[in-house]
file target_10.cif (mmCIF, C-alpha atoms)
data_start
#
loop_
_atom_site.label_atom_id
_atom_site.label_comp_id
_atom_site.auth_asym_id
_atom_site.auth_seq_id
_atom_site.Cartn_x
_atom_site.Cartn_y
_atom_site.Cartn_z
CA MET A 1 -6.51 -1.59 8.21
CA ARG A 2 -6.29 0.26 11.51
CA ALA A 3 -2.68 -0.85 11.83
CA ALA A 4 -1.97 0.45 8.31
CA LEU A 5 -3.54 3.79 9.27
CA HIS A 6 -1.28 3.89 12.33
CA GLU A 7 1.74 3.40 10.05
CA ALA A 8 0.43 6.18 7.79
CA GLN A 9 0.21 8.54 10.77
CA ALA A 10 3.79 7.71 11.74
CA ALA A 11 4.93 8.39 8.17
CA ALA A 12 3.17 11.77 8.21
CA ALA A 13 4.80 12.65 11.53
CA ALA A 14 8.16 11.95 9.87
CA GLY A 15 7.30 14.28 6.96
CA GLU A 16 6.47 11.50 4.52
CA ALA A 17 3.20 11.07 2.63
CA PRO A 18 0.78 9.37 5.03
CA ILE A 19 0.61 5.92 3.51
CA GLY A 20 0.87 2.79 5.58
CA ALA A 21 0.88 -0.93 4.89
CA VAL A 22 0.68 -4.13 6.89
CA ILE A 23 1.03 -7.74 5.81
CA VAL A 24 -1.10 -10.31 7.55
CA ASP A 25 -0.89 -14.08 7.66
CA PRO A 26 -4.55 -15.15 7.31
CA ALA A 27 -3.77 -18.57 8.83
CA THR A 28 -2.93 -16.94 12.18
CA ASP A 29 -4.63 -13.57 11.65
CA SER A 30 -1.40 -11.93 12.78
CA ILE A 31 0.53 -8.99 11.39
CA ILE A 32 3.91 -10.13 10.08
CA ALA A 33 5.20 -6.69 9.05
CA ALA A 34 4.15 -3.07 9.07
CA ALA A 35 5.69 -0.06 7.33
CA GLY A 36 4.99 3.49 6.36
CA ASN A 37 6.04 5.48 3.34
CA ALA A 38 9.69 6.56 3.54
CA PRO A 39 11.16 7.45 0.13
CA ILE A 40 12.35 10.85 1.40
CA SER A 41 14.08 9.73 4.60
CA THR A 42 15.59 6.61 3.01
CA HIS A 43 16.61 8.41 -0.21
CA ASP A 44 14.93 5.53 -2.03
CA PRO A 45 12.35 6.07 -4.78
CA SER A 46 11.07 2.55 -4.11
CA GLY A 47 10.55 3.33 -0.41
CA HIS A 48 6.76 3.03 -0.65
CA ALA A 49 4.94 1.48 2.29
CA GLU A 50 3.93 -1.64 0.33
CA ILE A 51 7.48 -2.33 -0.89
CA ARG A 52 8.97 -1.75 2.56
CA ALA A 53 6.46 -4.12 4.20
CA MET A 54 7.05 -6.82 1.56
CA ARG A 55 10.83 -6.52 2.03
CA LEU A 56 10.44 -7.03 5.78
CA VAL A 57 8.29 -10.12 5.34
CA ALA A 58 10.50 -11.61 2.63
CA GLU A 59 13.52 -11.23 4.89
CA LYS A 60 11.67 -12.77 7.86
CA LEU A 61 10.47 -15.72 5.81
CA GLY A 62 13.65 -16.11 3.78
CA ASN A 63 11.57 -16.15 0.61
CA TYR A 64 10.63 -13.54 -1.95
CA ARG A 65 7.35 -15.36 -2.63
CA LEU A 66 4.69 -14.21 -0.19
CA THR A 67 2.00 -16.54 -1.50
CA GLY A 68 -1.25 -16.47 0.43
CA LEU A 69 -0.41 -13.46 2.58
CA GLU A 70 -2.64 -10.40 2.71
CA LEU A 71 -1.49 -6.83 2.16
CA PHE A 72 -3.51 -3.97 3.67
CA VAL A 73 -2.55 -0.49 2.46
CA THR A 74 -4.17 2.89 2.97
CA LEU A 75 -3.89 4.03 -0.67
CA GLU A 76 -4.35 2.31 -4.02
CA PRO A 77 -0.94 0.98 -5.09
CA CYS A 78 0.98 2.60 -7.92
CA ALA A 79 2.31 0.65 -10.91
CA MET A 80 5.63 -0.08 -9.20
CA CYS A 81 3.92 -1.47 -6.10
CA ALA A 82 1.34 -3.41 -8.12
CA GLY A 83 4.18 -5.04 -10.03
CA ALA A 84 5.94 -5.98 -6.81
CA ILE A 85 2.69 -7.34 -5.35
CA SER A 86 2.29 -9.54 -8.42
CA HIS A 87 5.90 -10.75 -8.33
CA ALA A 88 5.62 -11.53 -4.61
CA ARG A 89 2.42 -13.53 -5.22
CA ILE A 90 0.46 -11.71 -2.51
CA GLY A 91 -2.84 -13.57 -2.11
CA ARG A 92 -5.09 -10.67 -1.24
CA LEU A 93 -4.76 -6.90 -1.55
CA VAL A 94 -7.00 -4.62 0.50
CA PHE A 95 -6.72 -0.85 0.16
CA GLY A 96 -8.52 2.19 1.48
CA ALA A 97 -8.48 5.34 -0.62
CA THR A 98 -8.41 5.21 -4.40
CA ASP A 99 -5.83 7.21 -6.33
CA PRO A 100 -7.13 8.47 -9.70
CA LYS A 101 -3.79 10.17 -10.49
CA GLY A 102 -1.24 7.56 -9.45
CA GLY A 103 -3.14 4.37 -8.73
CA ALA A 104 -2.60 1.33 -10.93
CA VAL A 105 -5.15 -1.18 -9.66
CA ILE A 106 -8.55 0.30 -10.48
CA HIS A 107 -7.14 3.42 -12.16
CA GLY A 108 -4.43 4.08 -14.72
CA PRO A 109 -2.91 0.92 -16.18
CA LYS A 110 -5.12 -1.44 -14.12
CA PHE A 111 -2.05 -3.60 -13.68
CA PHE A 112 -3.75 -6.81 -12.60
CA ASP A 113 -6.09 -6.71 -15.61
CA GLN A 114 -3.23 -6.78 -18.11
CA PRO A 115 -2.72 -10.01 -20.07
CA THR A 116 1.00 -9.89 -19.24
CA CYS A 117 0.31 -9.95 -15.50
CA HIS A 118 1.15 -13.47 -14.33
CA TRP A 119 -0.25 -13.27 -10.78
CA ARG A 120 -3.40 -11.48 -9.68
CA PRO A 121 -4.29 -11.12 -6.03
CA ALA A 122 -7.87 -10.95 -4.85
CA VAL A 123 -8.56 -7.21 -4.55
CA GLU A 124 -10.85 -5.36 -2.16
CA HIS A 125 -10.96 -1.58 -1.99
CA GLY A 126 -12.74 1.14 -0.07
CA VAL A 127 -11.97 -0.30 3.37
CA MET A 128 -11.74 2.67 5.75
CA TRP A 129 -11.38 4.91 2.72
CA GLU A 130 -12.76 7.94 4.55
CA GLU A 131 -9.98 7.88 7.15
CA SER A 132 -7.29 7.18 4.57
CA SER A 133 -8.50 9.88 2.22
CA ALA A 134 -8.92 12.50 4.97
CA MET A 135 -5.40 11.84 6.27
CA LEU A 136 -3.91 12.32 2.80
CA LYS A 137 -5.96 15.44 2.04
CA ASP A 138 -5.11 17.02 5.41
CA PHE A 139 -1.42 16.25 5.00
CA PHE A 140 -1.14 17.82 1.56
CA ARG A 141 -3.37 20.75 2.49
CA GLN A 142 -1.00 21.54 5.38
CA ARG A 143 2.06 21.14 3.14
CA ARG A 144 0.58 23.64 0.71
CA GLY A 145 -0.24 26.07 3.52
CA LYS A 146 -4.00 25.90 3.00
CA THR A 147 -6.25 25.73 6.02
CA ARG A 148 -9.41 24.39 4.43
#
call {"tool": "encode", "arguments": {"input": "target_10.cif", "output": "structure tokens"}}
result
Amino acid sequence: MRAALHEAQAAAAAGEAPIGAVIVDPATDSIIAAAGNAPISTHDPSGHAEIRAMRLVAEKLGNYRLTGLELFVTLEPCAMCAGAISHARIGRLVFGATDPKGGAVIHGPKFFDQPTCHWRPAVEHGVMWEESSAMLKDFFRQRRGKTR
């Protein structure tokens, strides 16, 4: 999760929402890909950190199925990202901060709980949530010109 937080910091430095993601191969405990949010700079509404990291891994592996891999992300995935996680067959999803407004895993549509969801990763949340949440709050507070 520390690597995902590093990606989130890099995204914030680039003017993007501070969200970062890494994909780990649990067999080797190594990071295969890392990405930060970049929908603004890439002019791509699907440029979320999770999607970008999954694209990198899929290209490296030559396969759109990422079965058994683990995705660590600093914020609860939205519906678009949850759908992509399911389609990619990610084995385990770990996220930090929850997102009551835009999240789709434990909030909103609860994507993986839907009967039409064909693949459900193991889900763990709250990992380093304080750091993830503080980074997001600070970023948006600064963008709005508020100091506290």
call {"tool": "closest_residue", "arguments": {"input": "target_10.cif", "among": "A:Val123, A:Leu69, A:Ile31, A:Ala134", "to": "A:Val105", "atoms": "all atoms listed in the file"}}
result
A:Val123
call {"tool": "resolve_selection", "arguments": {"input": "target_10.cif", "expression": "the PyMOL selection byres ((chain A and resi 54) around 10)", "output": "list in words"}}
result
Ala21, Val22, Ile23, Ile32, Ala33, Ala34, Ala35, Ala49, Glu50, Ile51, Arg52, Ala53, Arg55, Leu56, Val57, Ala58, Glu59, Lys60, Tyr64, Arg65, Leu66, Leu71, Cys81, Ala84, Ile85, Ala88 and Ile90 of chain A
call {"tool": "residues_around", "arguments": {"input": "target_10.cif", "residues": "A:Asp138", "least_positions_apart": "3", "cutoff": "12 Å", "atoms": "only C-alpha atoms", "output": "PDB file with C-alpha atoms, in the frame of the given file"}}
result
ATOM      1  CA  GLN A   9       0.210   8.540  10.770  1.00  0.00           C
ATOM      2  CA  ALA A  12       3.170  11.770   8.210  1.00  0.00           C
ATOM      3  CA  ALA A  17       3.200  11.070   2.630  1.00  0.00           C
ATOM      4  CA  PRO A  18       0.780   9.370   5.030  1.00  0.00           C
ATOM      5  CA  GLU A 130     -12.760   7.940   4.550  1.00  0.00           C
ATOM      6  CA  GLU A 131      -9.980   7.880   7.150  1.00  0.00           C
ATOM      7  CA  SER A 132      -7.290   7.180   4.570  1.00  0.00           C
ATOM      8  CA  SER A 133      -8.500   9.880   2.220  1.00  0.00           C
ATOM      9  CA  ALA A 134      -8.920  12.500   4.970  1.00  0.00           C
ATOM     10  CA  MET A 135      -5.400  11.840   6.270  1.00  0.00           C
ATOM     11  CA  ARG A 141      -3.370  20.750   2.490  1.00  0.00           C
ATOM     12  CA  GLN A 142      -1.000  21.540   5.380  1.00  0.00           C
ATOM     13  CA  ARG A 143       2.060  21.140   3.140  1.00  0.00           C
ATOM     14  CA  ARG A 144       0.580  23.640   0.710  1.00  0.00           C
ATOM     15  CA  GLY A 145      -0.240  26.070   3.520  1.00  0.00           C
ATOM     16  CA  LYS A 146      -4.000  25.900   3.000  1.00  0.00           C
ATOM     17  CA  THR A 147      -6.250  25.730   6.020  1.00  0.00           C
ATOM     18  CA  ARG A 148      -9.410  24.390   4.430  1.00  0.00           C
TER      19      ARG A 148
END
call {"tool": "resolve_selection", "arguments": {"input": "target_10.cif", "expression": "the PyMOL selection byres ((chain A and resi 108-116) around 10)", "output": "compact mmCIF listing (two decimals) with C-alpha atoms, in the coordinates of the input"}}
result
# COMPACT_ATOMS: atom_id res chain seq x y z
CA PRO A 77 -0.94 0.98 -5.09
CA CYS A 78 0.98 2.60 -7.92
CA ALA A 79 2.31 0.65 -10.91
CA MET A 80 5.63 -0.08 -9.20
CA CYS A 81 3.92 -1.47 -6.10
CA ALA A 82 1.34 -3.41 -8.12
CA GLY A 83 4.18 -5.04 -10.03
CA ILE A 85 2.69 -7.34 -5.35
CA SER A 86 2.29 -9.54 -8.42
CA ASP A 99 -5.83 7.21 -6.33
CA PRO A 100 -7.13 8.47 -9.70
CA LYS A 101 -3.79 10.17 -10.49
CA GLY A 102 -1.24 7.56 -9.45
CA GLY A 103 -3.14 4.37 -8.73
CA ALA A 104 -2.60 1.33 -10.93
CA VAL A 105 -5.15 -1.18 -9.66
CA ILE A 106 -8.55 0.30 -10.48
CA HIS A 107 -7.14 3.42 -12.16
CA CYS A 117 0.31 -9.95 -15.50
CA HIS A 118 1.15 -13.47 -14.33
CA TRP A 119 -0.25 -13.27 -10.78
CA ARG A 120 -3.40 -11.48 -9.68
CA PRO A 121 -4.29 -11.12 -6.03
CA ALA A 122 -7.87 -10.95 -4.85
CA VAL A 123 -8.56 -7.21 -4.55
call {"tool": "atom_distance", "arguments": {"input": "target_10.cif", "atom1": "atom CA of A:Thr74", "atom2": "atom CA of A:Thr28"}}
result
21.9 Å
call {"tool": "resolve_selection", "arguments": {"input": "target_10.cif", "expression": "the PyMOL selection byres ((chain A and resi 126) around 7)", "output": "number ranges by chain"}}
result
A: 95-97, 125, 127-129
call {"tool": "write_last_selection", "arguments": {"input": "target_10.cif", "atoms": "C-alpha atoms", "output": "PDB file, keeping the file's coordinate frame"}}
result
ATOM      1  CA  PHE A  95      -6.720  -0.850   0.160  1.00  0.00           C
ATOM      2  CA  GLY A  96      -8.520   2.190   1.480  1.00  0.00           C
ATOM      3  CA  ALA A  97      -8.480   5.340  -0.620  1.00  0.00           C
ATOM      4  CA  HIS A 125     -10.960  -1.580  -1.990  1.00  0.00           C
ATOM      5  CA  VAL A 127     -11.970  -0.300   3.370  1.00  0.00           C
ATOM      6  CA  MET A 128     -11.740   2.670   5.750  1.00  0.00           C
ATOM      7  CA  TRP A 129     -11.380   4.910   2.720  1.00  0.00           C
TER       8      TRP A 129
END
call {"tool": "closest_residue", "arguments": {"input": "target_10.cif", "among": "A:Ile40, A:Val24, A:Leu61, A:Val73", "to": "A:Ala8", "atoms": "only C-alpha atoms"}}
result
A:Val73
